[in-house]
Amino acid sequence: MSRSQPTCEPYVEADPSIAFEWMVSDAEIERLRREADTIMTRYQQVEAALESAREESGDHWDDGELSVTLDSPQGEPLDITLDLHADPASNAEHRYERAKELEAELERKREIVGQLAPLPADPVAYLLCYHLDRVEGNYPRSMAGHLDADRGHVEECCEEMRTAGLLERVESGTVKQRRVKAKQADEVRQHHTYYRLSREGDHLLRFLGEREGQLNVLRHLPDGRRLVERLARGGPDYARMSAEELGMEFEYVRHLYRALRRVGLVTDYEGSTIKASERKLKPKDETHRKHTYFVTTDRAETLLRELESG
């Protein structure tokens, strides 16, 4: 089965204990509850808006939704999309129930992957963290070029990571060269949405450099663990061969290997030829290296043994 890529939804693996359909964050849970509280606080206003919309023709009948702007209990304007066919109480209750479901899911995910819970289970998300740590600020089209990734995929990852609190948008205006190292000019007129790591993103990146962080990467990226186990068992391999033999999309596997290398779980094979005793996956007397081959690090093999024994 191949894996398509222009989405930042976590890639789902067969093990249900580490597969999550949605990217969950405290911010999303808070948004749902804030909307529910606002609907109940402005009950009569919501009811009047729904009744009025039901008596009028318009695009809202196409999808059964009505967009309204309401003042929250704190006095902040909120754009809320209502179910046209439900009453205000049902609109609010749906959000309360969804927030409760997401909270339970987030807690379950945190128990498994700890501090990595807010990060999408996607190798491109890992690579974005390292890229933004190096350049301090950049926009999706440029980042897609640097990472050789799909622009739409990068845009979705950035927004999910921003919602999770790992990234923040750079304030509009002039971006100084010292703040955005990917640009060569002294200053750049900001015509794009720039992102940079937030404080939480910085903390997460430091955590990835620690032993516990690397252990949790193997839990967080199911296919990452699969690749590391493959290398530990069979010796050096390269992205295209791994993709073909595992039935995965090449670009996805390539990004996985790059993310695992940045974290410190795999490294490049340095030799010019690979002996049969080293490469058990595809035994030959020797293989002349024409690709970038990867092997596990000592740390990765130690962590795999720990996971297997636990």
# chains A, B, ... in the order shown; residues from 1 in each chain; ligands from 1
$ select_by_dssp --residues "stretch 202-274 of chain A" --states "alpha helix (DSSP H)" --output "ChimeraX atom specification"
/A:202-208,211-220,222-234,239-246,250-263
$ closest_residue --among "A:Ala149, A:Leu32, A:Arg262, A:Asp59" --to "A:His94" --atoms "only C-alpha atoms"
A:Leu32
$ closest_residue --among "A:Asp268, A:Glu229, A:Glu103, A:Glu156" --to "A:His291" --atoms "only C-alpha atoms"
A:Asp268
$ closest_residue --among "A:Gly234, A:Glu105, A:Asp133, A:Ala89" --to "A:Asp26" --atoms "only C-alpha atoms"
A:Glu105
$ residues_around --residues "A:Gly264" --least-positions-apart "4" --cutoff "8 Å" --atoms "only C-alpha atoms" --output "list in words"
Gly209, Gln214, Leu260, Thr297, Arg299 and Ala300 of chain A
$ closest_residue --among "A:Val154, A:Ile29, A:Ala117, A:Val266" --to "A:Leu102" --atoms "only C-alpha atoms"
A:Ile29
$ select_by_dssp --residues "stretch 17-184 of chain A" --states "strand (DSSP E)" --output "VMD selection string"
chain A and resid 65 to 71 77 to 83 167 to 169 174 to 176
$ write_last_selection --atoms "N, CA and C atoms" --output "CSV table (one decimal), in the first residue's frame"
chain,number,residue,atom,x,y,z
A,65,GLU,N,-24.7,24.5,6.9
A,65,GLU,CA,-23.9,25.2,8.0
A,65,GLU,C,-24.1,26.7,7.8
A,66,LEU,N,-24.1,27.3,9.0
A,66,LEU,CA,-24.2,28.8,9.0
A,66,LEU,C,-23.1,29.4,9.8
A,67,SER,N,-22.4,30.3,9.2
A,67,SER,CA,-21.2,31.0,9.9
A,67,SER,C,-21.7,32.3,10.5
A,68,VAL,N,-21.4,32.5,11.8
A,68,VAL,CA,-21.8,33.7,12.5
A,68,VAL,C,-20.7,34.2,13.3
A,69,THR,N,-20.7,35.5,13.7
A,69,THR,CA,-19.7,36.0,14.6
A,69,THR,C,-20.4,36.4,15.8
A,70,LEU,N,-19.9,35.9,17.0
A,70,LEU,CA,-20.5,36.2,18.3
A,70,LEU,C,-19.4,36.7,19.2
A,71,ASP,N,-19.8,37.5,20.2
A,71,ASP,CA,-18.9,37.9,21.3
A,71,ASP,C,-18.9,36.8,22.3
A,77,PRO,N,-14.6,38.7,19.8
A,77,PRO,CA,-15.4,38.2,18.7
A,77,PRO,C,-14.9,36.8,18.2
A,78,LEU,N,-15.8,35.9,18.0
A,78,LEU,CA,-15.5,34.6,17.6
A,78,LEU,C,-16.3,34.2,16.3
A,79,ASP,N,-15.6,33.7,15.3
A,79,ASP,CA,-16.3,33.2,14.1
A,79,ASP,C,-16.7,31.7,14.4
A,80,ILE,N,-17.9,31.4,14.4
A,80,ILE,CA,-18.4,30.1,14.7
A,80,ILE,C,-19.3,29.5,13.6
A,81,THR,N,-19.1,28.3,13.2
A,81,THR,CA,-19.9,27.6,12.2
A,81,THR,C,-20.9,26.7,12.9
A,82,LEU,N,-22.2,27.0,12.7
A,82,LEU,CA,-23.3,26.3,13.3
A,82,LEU,C,-23.9,25.3,12.4
A,83,ASP,N,-24.4,24.2,13.0
A,83,ASP,CA,-25.2,23.2,12.3
A,83,ASP,C,-26.6,23.9,12.0
A,167,LEU,N,4.8,26.3,16.9
A,167,LEU,CA,5.3,27.4,16.0
A,167,LEU,C,4.5,28.6,16.3
A,168,GLU,N,5.0,29.7,15.9
A,168,GLU,CA,4.3,31.0,16.0
A,168,GLU,C,4.5,31.8,14.7
A,169,ARG,N,3.5,32.6,14.3
A,169,ARG,CA,3.7,33.4,13.2
A,169,ARG,C,4.6,34.6,13.5
A,174,THR,N,8.5,44.2,8.3
A,174,THR,CA,9.8,43.9,7.8
A,174,THR,C,10.5,42.9,8.6
A,175,VAL,N,10.9,41.8,8.0
A,175,VAL,CA,11.7,40.8,8.6
A,175,VAL,C,13.2,41.0,8.5
A,176,LYS,N,13.9,41.2,9.6
A,176,LYS,CA,15.3,41.5,9.5
A,176,LYS,C,16.1,40.3,9.2
$ closest_residue --among "A:Met241, A:Val228, A:Ala164, A:Leu205" --to "A:His131" --atoms "only C-alpha atoms"
A:Leu205
$ residues_around --residues "A:Arg305" --least-positions-apart "3" --cutoff "12 Å" --atoms "only C-alpha atoms" --output "short mmCIF file (atom, residue, chain, number, x, y, z; two decimals) with N, CA, C and O atoms, in the first residue's frame"
data_model
loop_
_atom_site.label_atom_id
_atom_site.label_comp_id
_atom_site.auth_asym_id
_atom_site.auth_seq_id
_atom_site.Cartn_x
_atom_site.Cartn_y
_atom_site.Cartn_z
N LEU A 215 13.86 7.83 22.45
CA LEU A 215 13.04 6.65 22.72
C LEU A 215 11.59 6.92 22.31
O LEU A 215 10.93 6.08 21.69
N LEU A 218 10.60 6.66 18.57
CA LEU A 218 10.29 5.31 18.10
C LEU A 218 8.85 4.94 18.42
O LEU A 218 8.25 4.11 17.73
N ARG A 225 10.02 3.56 13.57
CA ARG A 225 10.51 2.38 14.30
C ARG A 225 10.65 1.19 13.34
O ARG A 225 11.60 0.41 13.45
N VAL A 228 13.91 1.58 11.49
CA VAL A 228 15.07 1.36 12.36
C VAL A 228 15.23 -0.13 12.65
O VAL A 228 16.34 -0.67 12.64
N GLU A 229 14.11 -0.82 12.91
CA GLU A 229 14.18 -2.26 13.16
C GLU A 229 14.68 -3.00 11.92
O GLU A 229 15.43 -3.98 12.02
N ALA A 232 18.41 -2.50 11.77
CA ALA A 232 19.08 -3.24 12.85
C ALA A 232 19.13 -4.73 12.53
O ALA A 232 20.10 -5.42 12.86
N ARG A 233 18.10 -5.22 11.86
CA ARG A 233 18.03 -6.64 11.53
C ARG A 233 18.79 -6.98 10.26
O ARG A 233 19.44 -8.03 10.17
N ASP A 298 24.34 3.30 17.52
CA ASP A 298 24.39 2.48 18.74
C ASP A 298 23.23 2.82 19.67
O ASP A 298 22.64 1.94 20.30
N ARG A 299 22.89 4.11 19.75
CA ARG A 299 21.78 4.54 20.61
C ARG A 299 20.48 3.89 20.16
O ARG A 299 19.68 3.41 20.97
N ALA A 300 20.23 3.85 18.85
CA ALA A 300 19.00 3.27 18.33
C ALA A 300 18.89 1.80 18.70
O ALA A 300 17.81 1.33 19.10
N GLU A 301 19.97 1.05 18.57
CA GLU A 301 19.91 -0.37 18.87
C GLU A 301 19.67 -0.61 20.36
O GLU A 301 18.97 -1.54 20.75
N THR A 302 20.25 0.25 21.19
CA THR A 302 20.01 0.14 22.62
C THR A 302 18.54 0.41 22.96
O THR A 302 17.91 -0.31 23.75
N GLU A 308 11.74 -3.66 23.18
CA GLU A 308 11.38 -5.08 23.02
C GLU A 308 11.28 -5.78 24.38
O GLU A 308 10.40 -6.61 24.58
N SER A 309 12.14 -5.40 25.30
CA SER A 309 12.11 -6.03 26.63
C SER A 309 10.98 -5.49 27.49
O SER A 309 10.53 -6.15 28.42
N GLY A 310 10.53 -4.24 27.15
CA GLY A 310 9.44 -3.64 27.94
C GLY A 310 8.09 -4.08 27.49
O GLY A 310 7.10 -3.81 28.11
#
$ closest_residue --among "A:Arg42, A:Arg108, A:Arg134, A:Arg34" --to "A:Asp202" --atoms "only C-alpha atoms"
A:Arg134
$ residues_around --residues "A:Met161" --least-positions-apart "6" --cutoff "12 Å" --atoms "only C-alpha atoms" --output "ChimeraX atom specification"
/A:8-9,23-28,116-122,124-126,128-129,154-155,167-169,195-198,200-201,204
$ decode --residues "stretch 214-232 of chain A" --atoms "N, CA, C and O atoms" --output "PDB file, in the first residue's frame"
ATOM      1  N   GLN A 214      14.553  10.509  22.152  1.00  0.00           N
ATOM      2  CA  GLN A 214      14.809   9.569  21.050  1.00  0.00           C
ATOM      3  C   GLN A 214      14.007   8.284  21.223  1.00  0.00           C
ATOM      4  O   GLN A 214      13.495   7.720  20.250  1.00  0.00           O
ATOM      5  N   LEU A 215      13.856   7.832  22.454  1.00  0.00           N
ATOM      6  CA  LEU A 215      13.036   6.652  22.716  1.00  0.00           C
ATOM      7  C   LEU A 215      11.588   6.921  22.315  1.00  0.00           C
ATOM      8  O   LEU A 215      10.929   6.080  21.690  1.00  0.00           O
ATOM      9  N   ASN A 216      11.091   8.105  22.628  1.00  0.00           N
ATOM     10  CA  ASN A 216       9.704   8.430  22.308  1.00  0.00           C
ATOM     11  C   ASN A 216       9.482   8.645  20.817  1.00  0.00           C
ATOM     12  O   ASN A 216       8.363   8.502  20.332  1.00  0.00           O
ATOM     13  N   VAL A 217      10.541   8.989  20.075  1.00  0.00           N
ATOM     14  CA  VAL A 217      10.404   9.082  18.619  1.00  0.00           C
ATOM     15  C   VAL A 217      10.019   7.723  18.053  1.00  0.00           C
ATOM     16  O   VAL A 217       9.186   7.615  17.151  1.00  0.00           O
ATOM     17  N   LEU A 218      10.605   6.663  18.574  1.00  0.00           N
ATOM     18  CA  LEU A 218      10.291   5.313  18.099  1.00  0.00           C
ATOM     19  C   LEU A 218       8.851   4.936  18.417  1.00  0.00           C
ATOM     20  O   LEU A 218       8.250   4.112  17.729  1.00  0.00           O
ATOM     21  N   ARG A 219       8.280   5.542  19.439  1.00  0.00           N
ATOM     22  CA  ARG A 219       6.869   5.315  19.759  1.00  0.00           C
ATOM     23  C   ARG A 219       5.972   6.231  18.933  1.00  0.00           C
ATOM     24  O   ARG A 219       4.872   5.858  18.536  1.00  0.00           O
ATOM     25  N   HIS A 220       6.452   7.431  18.676  1.00  0.00           N
ATOM     26  CA  HIS A 220       5.649   8.454  18.011  1.00  0.00           C
ATOM     27  C   HIS A 220       5.554   8.222  16.508  1.00  0.00           C
ATOM     28  O   HIS A 220       4.518   8.478  15.894  1.00  0.00           O
ATOM     29  N   LEU A 221       6.641   7.764  15.891  1.00  0.00           N
ATOM     30  CA  LEU A 221       6.675   7.514  14.452  1.00  0.00           C
ATOM     31  C   LEU A 221       6.669   6.000  14.206  1.00  0.00           C
ATOM     32  O   LEU A 221       7.729   5.378  14.151  1.00  0.00           O
ATOM     33  N   PRO A 222       5.496   5.389  14.089  1.00  0.00           N
ATOM     34  CA  PRO A 222       5.442   3.930  13.920  1.00  0.00           C
ATOM     35  C   PRO A 222       6.294   3.442  12.753  1.00  0.00           C
ATOM     36  O   PRO A 222       7.008   2.452  12.873  1.00  0.00           O
ATOM     37  N   ASP A 223       6.200   4.118  11.610  1.00  0.00           N
ATOM     38  CA  ASP A 223       7.003   3.700  10.456  1.00  0.00           C
ATOM     39  C   ASP A 223       8.482   3.979  10.681  1.00  0.00           C
ATOM     40  O   ASP A 223       9.345   3.315  10.099  1.00  0.00           O
ATOM     41  N   GLY A 224       8.774   4.970  11.520  1.00  0.00           N
ATOM     42  CA  GLY A 224      10.167   5.226  11.860  1.00  0.00           C
ATOM     43  C   GLY A 224      10.762   4.053  12.609  1.00  0.00           C
ATOM     44  O   GLY A 224      11.878   3.601  12.314  1.00  0.00           O
ATOM     45  N   ARG A 225      10.025   3.559  13.566  1.00  0.00           N
ATOM     46  CA  ARG A 225      10.505   2.379  14.298  1.00  0.00           C
ATOM     47  C   ARG A 225      10.654   1.193  13.344  1.00  0.00           C
ATOM     48  O   ARG A 225      11.605   0.412  13.448  1.00  0.00           O
ATOM     49  N   ARG A 226       9.730   1.070  12.418  1.00  0.00           N
ATOM     50  CA  ARG A 226       9.773  -0.037  11.447  1.00  0.00           C
ATOM     51  C   ARG A 226      11.060   0.023  10.621  1.00  0.00           C
ATOM     52  O   ARG A 226      11.717  -0.998  10.391  1.00  0.00           O
ATOM     53  N   LEU A 227      11.447   1.234  10.185  1.00  0.00           N
ATOM     54  CA  LEU A 227      12.676   1.371   9.404  1.00  0.00           C
ATOM     55  C   LEU A 227      13.909   1.073  10.253  1.00  0.00           C
ATOM     56  O   LEU A 227      14.847   0.423   9.792  1.00  0.00           O
ATOM     57  N   VAL A 228      13.912   1.579  11.486  1.00  0.00           N
ATOM     58  CA  VAL A 228      15.066   1.358  12.359  1.00  0.00           C
ATOM     59  C   VAL A 228      15.226  -0.130  12.655  1.00  0.00           C
ATOM     60  O   VAL A 228      16.339  -0.670  12.642  1.00  0.00           O
ATOM     61  N   GLU A 229      14.111  -0.818  12.914  1.00  0.00           N
ATOM     62  CA  GLU A 229      14.180  -2.259  13.156  1.00  0.00           C
ATOM     63  C   GLU A 229      14.676  -3.001  11.917  1.00  0.00           C
ATOM     64  O   GLU A 229      15.427  -3.978  12.021  1.00  0.00           O
ATOM     65  N   ARG A 230      14.266  -2.530  10.746  1.00  0.00           N
ATOM     66  CA  ARG A 230      14.710  -3.151   9.493  1.00  0.00           C
ATOM     67  C   ARG A 230      16.226  -3.029   9.338  1.00  0.00           C
ATOM     68  O   ARG A 230      16.912  -3.998   8.989  1.00  0.00           O
ATOM     69  N   LEU A 231      16.764  -1.843   9.615  1.00  0.00           N
ATOM     70  CA  LEU A 231      18.208  -1.648   9.504  1.00  0.00           C
ATOM     71  C   LEU A 231      18.959  -2.455  10.555  1.00  0.00           C
ATOM     72  O   LEU A 231      20.021  -3.023  10.276  1.00  0.00           O
ATOM     73  N   ALA A 232      18.411  -2.498  11.775  1.00  0.00           N
ATOM     74  CA  ALA A 232      19.081  -3.236  12.847  1.00  0.00           C
ATOM     75  C   ALA A 232      19.131  -4.727  12.535  1.00  0.00           C
ATOM     76  O   ALA A 232      20.103  -5.416  12.865  1.00  0.00           O
TER      77      ALA A 232
END
